[in-house]
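Trainee: Below is the structure I would like to discuss, written out as structure tokens.
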Amino acid sequence: MRNAVFALGRRAASGFGAPRGVGNALAVAPEMRTAFAPQRQIASSRGFATSAVSSVRATGGVATFGFTSRTKGVNLAVSTAAIATSAVATAVATTNTTETKEAIPMDALPFDKVTLYQYDVCPFCNKVKAMLDFHGVPYDVVEVNPLTKGEMKFSKDYKKVPILVVDDEQINNSSEIMRWLEEKVPSAMQLKKKNGTNKSTSKQSEKELFWMKWVDDRFVHVVTPNIYRTWGEAFDSFDYITVRGNFNFFERQAVRLSGAVSMYLISQNVLKKRHGIEDERKELFSDLNKWTTEAVGGNAFCGGSNPNLADLAVFGVLRAVKTFQTFEDAMAECPETKTWYKRMEIEVGGASRSDGIEN
């Protein structure tokens, strides 16, 4: 049995094919689309409603890699891991640890409607939410069913999250979305000038670009193995599936077991090797210290006296894992990061409101 489970994780890992970079998400095989009933969760932005940020439990890690299993059996093991996204999202949806900013009136923005298609605990999606929250942009959230992707039928060629739909325009990939918003939202445009990143050749702009790339190419991939560091943490990451979501008892147990086992094996036997990670906690602490020492330095933020896009990206990833032991250990071990994070919580908000989410 042990060998069979190990083989399951290895075969699932062989399906990794998405490029390293921004906005990667889970691709689900077509034959799994009838496995469970579609689930849609919508958060309405009344005043300033945004989806709560919890942790990269199951799909936070899965979404990072954007893989599709090549075998039908593994599709169940890996794809069901993503179901915990919706479960965790609703479980913490009403958390309010920090007040959010007052929303910008929609008539003050150059568009009428903003909708984010997401997995609530996906780190790339949380980058976008940090950007929207920081600038007070009202938006709706559509929680995508990771198995059927039915909510994304409108997107013909692109099936990853996050996707931002602004009026009738679709923008893909987390960093591209952040850049797009920076060119459209008045407060973001003003901050760009204030930070000196309005000129692509400036030192500030080059610094911001470097650290944004670091987040997508390195930091997210260090965070993920930390979530599945031990068998206990791996199974804990799927606890919410036992009480949330539109699934029966047997489906819940299958998701929890197969998801935890496959993600633990993939993280420990594939991802750590792929990204040169030996001790995941040690490297997480090292990367956080690198961030605060080299990116933030003696300033309040990487952007200087104000957050820039890199600050928002790192904050979004960390805010996604806030309910995990990983976050607690990181804050205890890296006091400079904790100080920076608290500054960012004041600027962005710790956990945003999420009104009107439906199972």
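Identifiers for the structure tokens are assigned positionally: chains receive A, B, ... in sequence, residues are indexed from 1 per chain, and ligands are indexed from 1 in the order shown.
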May I have the residues within 8 Å of Tyr264 of chain A as a ChimeraX atom specification, using only C-alpha atoms and disregarding those fewer than 4 positions away in the same chain?

Mentor: /A:228-231,234,260,268

Trainee: Can those selected residues be exported to a file as a PDB file, in the first residue's frame so that it contains all heavy atoms?

Mentor:
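again-v9.pdb, freshly written:
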ATOM      1  N   TYR A 228       3.030  21.399   3.536  1.00  0.00           N
ATOM      2  CA  TYR A 228       2.943  19.944   3.600  1.00  0.00           C
ATOM      3  C   TYR A 228       4.234  19.367   4.163  1.00  0.00           C
ATOM      4  O   TYR A 228       4.706  18.324   3.737  1.00  0.00           O
ATOM      5  CB  TYR A 228       2.666  19.385   2.202  1.00  0.00           C
ATOM      6  CG  TYR A 228       1.487  20.049   1.530  1.00  0.00           C
ATOM      7  CD1 TYR A 228       1.679  21.022   0.551  1.00  0.00           C
ATOM      8  CD2 TYR A 228       0.189  19.733   1.904  1.00  0.00           C
ATOM      9  CE1 TYR A 228       0.592  21.649  -0.042  1.00  0.00           C
ATOM     10  CE2 TYR A 228      -0.896  20.355   1.317  1.00  0.00           C
ATOM     11  CZ  TYR A 228      -0.687  21.316   0.339  1.00  0.00           C
ATOM     12  OH  TYR A 228      -1.761  21.942  -0.242  1.00  0.00           O
ATOM     13  N   ARG A 229       4.791  20.031   5.141  1.00  0.00           N
ATOM     14  CA  ARG A 229       6.098  19.662   5.691  1.00  0.00           C
ATOM     15  C   ARG A 229       6.065  18.313   6.394  1.00  0.00           C
ATOM     16  O   ARG A 229       7.025  17.537   6.342  1.00  0.00           O
ATOM     17  CB  ARG A 229       6.562  20.751   6.661  1.00  0.00           C
ATOM     18  CG  ARG A 229       7.938  20.557   7.259  1.00  0.00           C
ATOM     19  CD  ARG A 229       8.342  21.784   8.052  1.00  0.00           C
ATOM     20  NE  ARG A 229       7.412  22.020   9.146  1.00  0.00           N
ATOM     21  CZ  ARG A 229       7.736  21.906  10.433  1.00  0.00           C
ATOM     22  NH1 ARG A 229       8.950  21.535  10.783  1.00  0.00           N
ATOM     23  NH2 ARG A 229       6.847  22.154  11.362  1.00  0.00           N
ATOM     24  N   THR A 230       4.994  18.011   7.098  1.00  0.00           N
ATOM     25  CA  THR A 230       4.836  16.736   7.799  1.00  0.00           C
ATOM     26  C   THR A 230       3.485  16.126   7.427  1.00  0.00           C
ATOM     27  O   THR A 230       2.606  16.803   6.894  1.00  0.00           O
ATOM     28  CB  THR A 230       4.887  16.937   9.325  1.00  0.00           C
ATOM     29  OG1 THR A 230       3.745  17.708   9.729  1.00  0.00           O
ATOM     30  CG2 THR A 230       6.162  17.668   9.744  1.00  0.00           C
ATOM     31  N   TRP A 231       3.333  14.844   7.741  1.00  0.00           N
ATOM     32  CA  TRP A 231       2.047  14.194   7.488  1.00  0.00           C
ATOM     33  C   TRP A 231       0.942  14.906   8.255  1.00  0.00           C
ATOM     34  O   TRP A 231      -0.160  15.110   7.743  1.00  0.00           O
ATOM     35  CB  TRP A 231       2.102  12.717   7.902  1.00  0.00           C
ATOM     36  CG  TRP A 231       2.814  11.829   6.924  1.00  0.00           C
ATOM     37  CD1 TRP A 231       4.019  11.224   7.086  1.00  0.00           C
ATOM     38  CD2 TRP A 231       2.348  11.435   5.629  1.00  0.00           C
ATOM     39  NE1 TRP A 231       4.338  10.482   5.974  1.00  0.00           N
ATOM     40  CE2 TRP A 231       3.330  10.590   5.063  1.00  0.00           C
ATOM     41  CE3 TRP A 231       1.208  11.719   4.898  1.00  0.00           C
ATOM     42  CZ2 TRP A 231       3.206  10.024   3.809  1.00  0.00           C
ATOM     43  CZ3 TRP A 231       1.068  11.151   3.633  1.00  0.00           C
ATOM     44  CH2 TRP A 231       2.057  10.318   3.106  1.00  0.00           C
ATOM     45  N   ALA A 234       0.035  18.119   6.571  1.00  0.00           N
ATOM     46  CA  ALA A 234      -0.649  17.841   5.310  1.00  0.00           C
ATOM     47  C   ALA A 234      -2.114  17.490   5.555  1.00  0.00           C
ATOM     48  O   ALA A 234      -3.015  17.996   4.872  1.00  0.00           O
ATOM     49  CB  ALA A 234       0.056  16.704   4.570  1.00  0.00           C
ATOM     50  N   ALA A 260      -4.226  14.929   0.872  1.00  0.00           N
ATOM     51  CA  ALA A 260      -3.133  15.063   1.823  1.00  0.00           C
ATOM     52  C   ALA A 260      -1.954  14.162   1.457  1.00  0.00           C
ATOM     53  O   ALA A 260      -0.792  14.595   1.477  1.00  0.00           O
ATOM     54  CB  ALA A 260      -3.621  14.748   3.237  1.00  0.00           C
ATOM     55  N   GLN A 268       7.424  16.706  -0.909  1.00  0.00           N
ATOM     56  CA  GLN A 268       8.669  16.212  -0.339  1.00  0.00           C
ATOM     57  C   GLN A 268       9.590  15.550  -1.361  1.00  0.00           C
ATOM     58  O   GLN A 268      10.818  15.621  -1.218  1.00  0.00           O
ATOM     59  CB  GLN A 268       8.358  15.214   0.789  1.00  0.00           C
ATOM     60  CG  GLN A 268       7.615  15.825   1.963  1.00  0.00           C
ATOM     61  CD  GLN A 268       8.382  16.958   2.601  1.00  0.00           C
ATOM     62  OE1 GLN A 268       9.578  16.859   2.853  1.00  0.00           O
ATOM     63  NE2 GLN A 268       7.700  18.069   2.855  1.00  0.00           N
TER      64      GLN A 268
END

Trainee: Could you name the residues that touch Asp167 of chain A at 12 Å or less, counting only C-alpha atoms, but leaving out those on the same chain fewer than 6 positions away, as a VMD selection string?

Mentor: chain A and resid 106 109 to 116 139 to 140

Trainee: Quick one, how far is atom CA of Phe134 of chain A from atom CA of Gly297 of chain A?

Mentor: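 Interatomic distance here is 21.8 Å.
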
Trainee: Give me, please, the distance in Å between atom CA of Gly350 of chain A and atom CA of Val215 of chain A, quoted to one decimal.

Mentor: 19.7 Å

Trainee: Taking the DSSP secondary structure from the backbone, can you list the residues of segment 233-357 of chain A that are alpha helix (DSSP H), as a PyMOL selection string?

Mentor: chain A and resi 233-236+249-266+272-274+280-290+309-320+325-333+335-348

Trainee: List the spatial neighbours of segment 207-209 of chain A as number ranges by chain - criterion: any atom at most 9 Å away, only C-alpha atoms, same-chain residues fewer than 4 positions off excluded.

Mentor: A: 197, 202-203, 213-214, 295, 302-303, 308-311

Trainee: When DSSP is applied to the backbone of this structure, which of segment 122-346 of chain A are assigned strand (DSSP E)? Write them out as a list of chain:residue names.

Mentor: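 Secondary structure check on segment 122-346 of chain A, strand (DSSP E): A:Asp140, A:Val141, A:Val142, A:Glu143, A:Ile163, A:Leu164, A:Val165, A:Val166, A:Glu169, A:Gln170, A:Ile171, A:Asn172.
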
Trainee: Please indicate the distance in Å from atom CA of Val314 of chain A to atom CA of Thr326 of chain A, rounded to one decimal place.

Mentor: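 Spanning atom CA of Val314 of chain A to atom CA of Thr326 of chain A is a straight-line distance of 14.8 Å.
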
Trainee: Let me make sure I understand: among A:Pro123, A:Pro162, A:Gly304, A:Pro225, which one has the smallest atom-to-atom distance to Lys322 of chain A if we use only C-alpha atoms?

Mentor: A:Pro123

Trainee: If we count only C-alpha atoms, what is near Ile104 of chain A at a cut-off of 7 Å, once residues fewer than 6 positions away on the same chain are taken out, given as a list of chain:residue names?

Mentor: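 Counting only the stated atoms, we get A:Gly136, A:Val137, A:Pro138.
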
Trainee: Kindly indicate which residue among A:His135, A:Glu328, A:Gln253, A:Leu312 lies nearest to Gln190 of chain A, using only C-alpha atoms for the distances.

Mentor: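 For Gln190 of chain A, the nearest of the candidates is A:His135.
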
Trainee: When you look at Asn172 of chain A with a cut-off of 8 Å (counting only C-alpha atoms), what residues show up, excluding the ones that are within fewer than 3 positions of it in the same chain? I need them as a VMD selection string.

Mentor: chain A and resid 23 158 161 to 164 176 to 177

Trainee: For the selection you just gave me, I'd like the residues written to a file as an mmCIF file, in the first residue's frame, keeping all heavy atoms.

Mentor:
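File written: out_27.cif
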data_model
loop_
_atom_site.group_PDB
_atom_site.id
_atom_site.type_symbol
_atom_site.label_atom_id
_atom_site.label_comp_id
_atom_site.auth_asym_id
_atom_site.auth_seq_id
_atom_site.Cartn_x
_atom_site.Cartn_y
_atom_site.Cartn_z
ATOM 1 N N GLY A 23 0.612 33.723 -11.789
ATOM 2 C CA GLY A 23 -0.757 33.310 -12.031
ATOM 3 C C GLY A 23 -0.954 31.844 -12.373
ATOM 4 O O GLY A 23 -1.945 31.458 -12.973
ATOM 5 N N TYR A 158 -7.902 30.277 -21.844
ATOM 6 C CA TYR A 158 -7.152 30.426 -20.595
ATOM 7 C C TYR A 158 -7.989 29.880 -19.448
ATOM 8 O O TYR A 158 -9.075 30.370 -19.177
ATOM 9 C CB TYR A 158 -6.822 31.901 -20.359
ATOM 10 C CG TYR A 158 -5.840 32.135 -19.235
ATOM 11 C CD1 TYR A 158 -4.466 32.036 -19.454
ATOM 12 C CD2 TYR A 158 -6.279 32.466 -17.952
ATOM 13 C CE1 TYR A 158 -3.560 32.247 -18.426
ATOM 14 C CE2 TYR A 158 -5.380 32.683 -16.928
ATOM 15 C CZ TYR A 158 -4.034 32.576 -17.172
ATOM 16 O OH TYR A 158 -3.136 32.782 -16.139
ATOM 17 N N VAL A 161 -6.420 30.493 -12.733
ATOM 18 C CA VAL A 161 -6.790 31.637 -11.914
ATOM 19 C C VAL A 161 -5.503 32.278 -11.402
ATOM 20 O O VAL A 161 -4.474 31.612 -11.293
ATOM 21 C CB VAL A 161 -7.678 31.206 -10.716
ATOM 22 C CG1 VAL A 161 -9.005 30.699 -11.194
ATOM 23 C CG2 VAL A 161 -6.984 30.167 -9.843
ATOM 24 N N PRO A 162 -5.540 33.573 -11.123
ATOM 25 C CA PRO A 162 -6.697 34.464 -11.168
ATOM 26 C C PRO A 162 -6.985 35.004 -12.566
ATOM 27 O O PRO A 162 -6.093 35.137 -13.382
ATOM 28 C CB PRO A 162 -6.282 35.613 -10.253
ATOM 29 C CG PRO A 162 -4.789 35.689 -10.436
ATOM 30 C CD PRO A 162 -4.342 34.255 -10.579
ATOM 31 N N ILE A 163 -8.270 35.300 -12.783
ATOM 32 C CA ILE A 163 -8.709 36.075 -13.939
ATOM 33 C C ILE A 163 -9.490 37.256 -13.396
ATOM 34 O O ILE A 163 -10.345 37.085 -12.528
ATOM 35 C CB ILE A 163 -9.602 35.248 -14.886
ATOM 36 C CG1 ILE A 163 -8.790 34.183 -15.632
ATOM 37 C CG2 ILE A 163 -10.320 36.152 -15.885
ATOM 38 C CD1 ILE A 163 -9.631 33.284 -16.525
ATOM 39 N N LEU A 164 -9.202 38.431 -13.888
ATOM 40 C CA LEU A 164 -9.951 39.619 -13.512
ATOM 41 C C LEU A 164 -10.732 40.093 -14.727
ATOM 42 O O LEU A 164 -10.163 40.267 -15.804
ATOM 43 C CB LEU A 164 -9.021 40.732 -13.026
ATOM 44 C CG LEU A 164 -9.713 41.885 -12.279
ATOM 45 C CD1 LEU A 164 -10.178 41.415 -10.905
ATOM 46 C CD2 LEU A 164 -8.773 43.084 -12.131
ATOM 47 N N GLU A 176 0.342 40.523 -14.177
ATOM 48 C CA GLU A 176 -0.210 41.327 -15.262
ATOM 49 C C GLU A 176 -1.452 42.093 -14.790
ATOM 50 O O GLU A 176 -1.665 43.244 -15.174
ATOM 51 C CB GLU A 176 -0.566 40.437 -16.450
ATOM 52 C CG GLU A 176 0.633 39.832 -17.153
ATOM 53 C CD GLU A 176 1.585 40.886 -17.692
ATOM 54 O OE1 GLU A 176 1.096 41.888 -18.259
ATOM 55 O OE2 GLU A 176 2.803 40.724 -17.520
ATOM 56 N N ILE A 177 -2.240 41.449 -13.957
ATOM 57 C CA ILE A 177 -3.420 42.121 -13.412
ATOM 58 C C ILE A 177 -3.009 43.296 -12.543
ATOM 59 O O ILE A 177 -3.590 44.387 -12.623
ATOM 60 C CB ILE A 177 -4.275 41.129 -12.598
ATOM 61 C CG1 ILE A 177 -4.894 40.064 -13.519
ATOM 62 C CG2 ILE A 177 -5.381 41.860 -11.834
ATOM 63 C CD1 ILE A 177 -5.568 38.923 -12.782
#

Trainee: Tell me which protein, DNA and RNA residues are within 9 Å of Leu271 of chain A, counting only C-alpha atoms, leaving out same-chain ones fewer than 4 positions away, and put them as a list in words.

Mentor: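 The contact residues come out as Ala13, His221, Val222, Thr224, Pro225, Ile266, Ser267, His275, Gly276 and Ile277 of chain A.
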
Trainee: Given the selection you just returned, output its residues as a file containing N, CA, C and O atoms, formatted as a PDB file, in the first residue's frame.

Mentor:
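Output saved as again_26.pdb:
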ATOM      1  N   ALA A  13       3.133  13.956  -9.944  1.00  0.00           N
ATOM      2  CA  ALA A  13       4.149  14.988 -10.139  1.00  0.00           C
ATOM      3  C   ALA A  13       4.652  15.021 -11.559  1.00  0.00           C
ATOM      4  O   ALA A  13       5.068  16.058 -12.068  1.00  0.00           O
ATOM      5  N   HIS A 221       7.235  29.119  -4.275  1.00  0.00           N
ATOM      6  CA  HIS A 221       7.643  27.724  -4.346  1.00  0.00           C
ATOM      7  C   HIS A 221       8.385  27.273  -3.092  1.00  0.00           C
ATOM      8  O   HIS A 221       8.555  26.064  -2.884  1.00  0.00           O
ATOM      9  N   VAL A 222       8.830  28.204  -2.274  1.00  0.00           N
ATOM     10  CA  VAL A 222       9.395  27.864  -0.971  1.00  0.00           C
ATOM     11  C   VAL A 222       8.277  27.729   0.061  1.00  0.00           C
ATOM     12  O   VAL A 222       8.339  26.882   0.947  1.00  0.00           O
ATOM     13  N   THR A 224       5.193  26.684  -0.422  1.00  0.00           N
ATOM     14  CA  THR A 224       4.350  25.501  -0.617  1.00  0.00           C
ATOM     15  C   THR A 224       4.823  24.257   0.133  1.00  0.00           C
ATOM     16  O   THR A 224       4.028  23.625   0.835  1.00  0.00           O
ATOM     17  N   PRO A 225       6.087  23.826   0.034  1.00  0.00           N
ATOM     18  CA  PRO A 225       6.502  22.637   0.779  1.00  0.00           C
ATOM     19  C   PRO A 225       6.372  22.803   2.291  1.00  0.00           C
ATOM     20  O   PRO A 225       6.266  21.804   3.009  1.00  0.00           O
ATOM     21  N   ILE A 266       4.267  14.730  -3.217  1.00  0.00           N
ATOM     22  CA  ILE A 266       4.737  15.617  -4.277  1.00  0.00           C
ATOM     23  C   ILE A 266       5.657  16.688  -3.714  1.00  0.00           C
ATOM     24  O   ILE A 266       6.727  16.973  -4.262  1.00  0.00           O
ATOM     25  N   SER A 267       5.254  17.295  -2.604  1.00  0.00           N
ATOM     26  CA  SER A 267       6.051  18.367  -2.010  1.00  0.00           C
ATOM     27  C   SER A 267       7.415  17.869  -1.572  1.00  0.00           C
ATOM     28  O   SER A 267       8.437  18.509  -1.823  1.00  0.00           O
ATOM     29  N   HIS A 275      13.194  22.777  -6.824  1.00  0.00           N
ATOM     30  CA  HIS A 275      13.561  24.149  -6.469  1.00  0.00           C
ATOM     31  C   HIS A 275      14.758  24.218  -5.531  1.00  0.00           C
ATOM     32  O   HIS A 275      15.034  25.280  -4.952  1.00  0.00           O
ATOM     33  N   GLY A 276      15.479  23.098  -5.409  1.00  0.00           N
ATOM     34  CA  GLY A 276      16.704  23.091  -4.624  1.00  0.00           C
ATOM     35  C   GLY A 276      16.492  23.361  -3.151  1.00  0.00           C
ATOM     36  O   GLY A 276      17.303  24.042  -2.511  1.00  0.00           O
ATOM     37  N   ILE A 277      15.421  22.818  -2.601  1.00  0.00           N
ATOM     38  CA  ILE A 277      15.083  23.062  -1.197  1.00  0.00           C
ATOM     39  C   ILE A 277      15.426  21.822  -0.369  1.00  0.00           C
ATOM     40  O   ILE A 277      14.945  20.727  -0.650  1.00  0.00           O
TER      41      ILE A 277
END
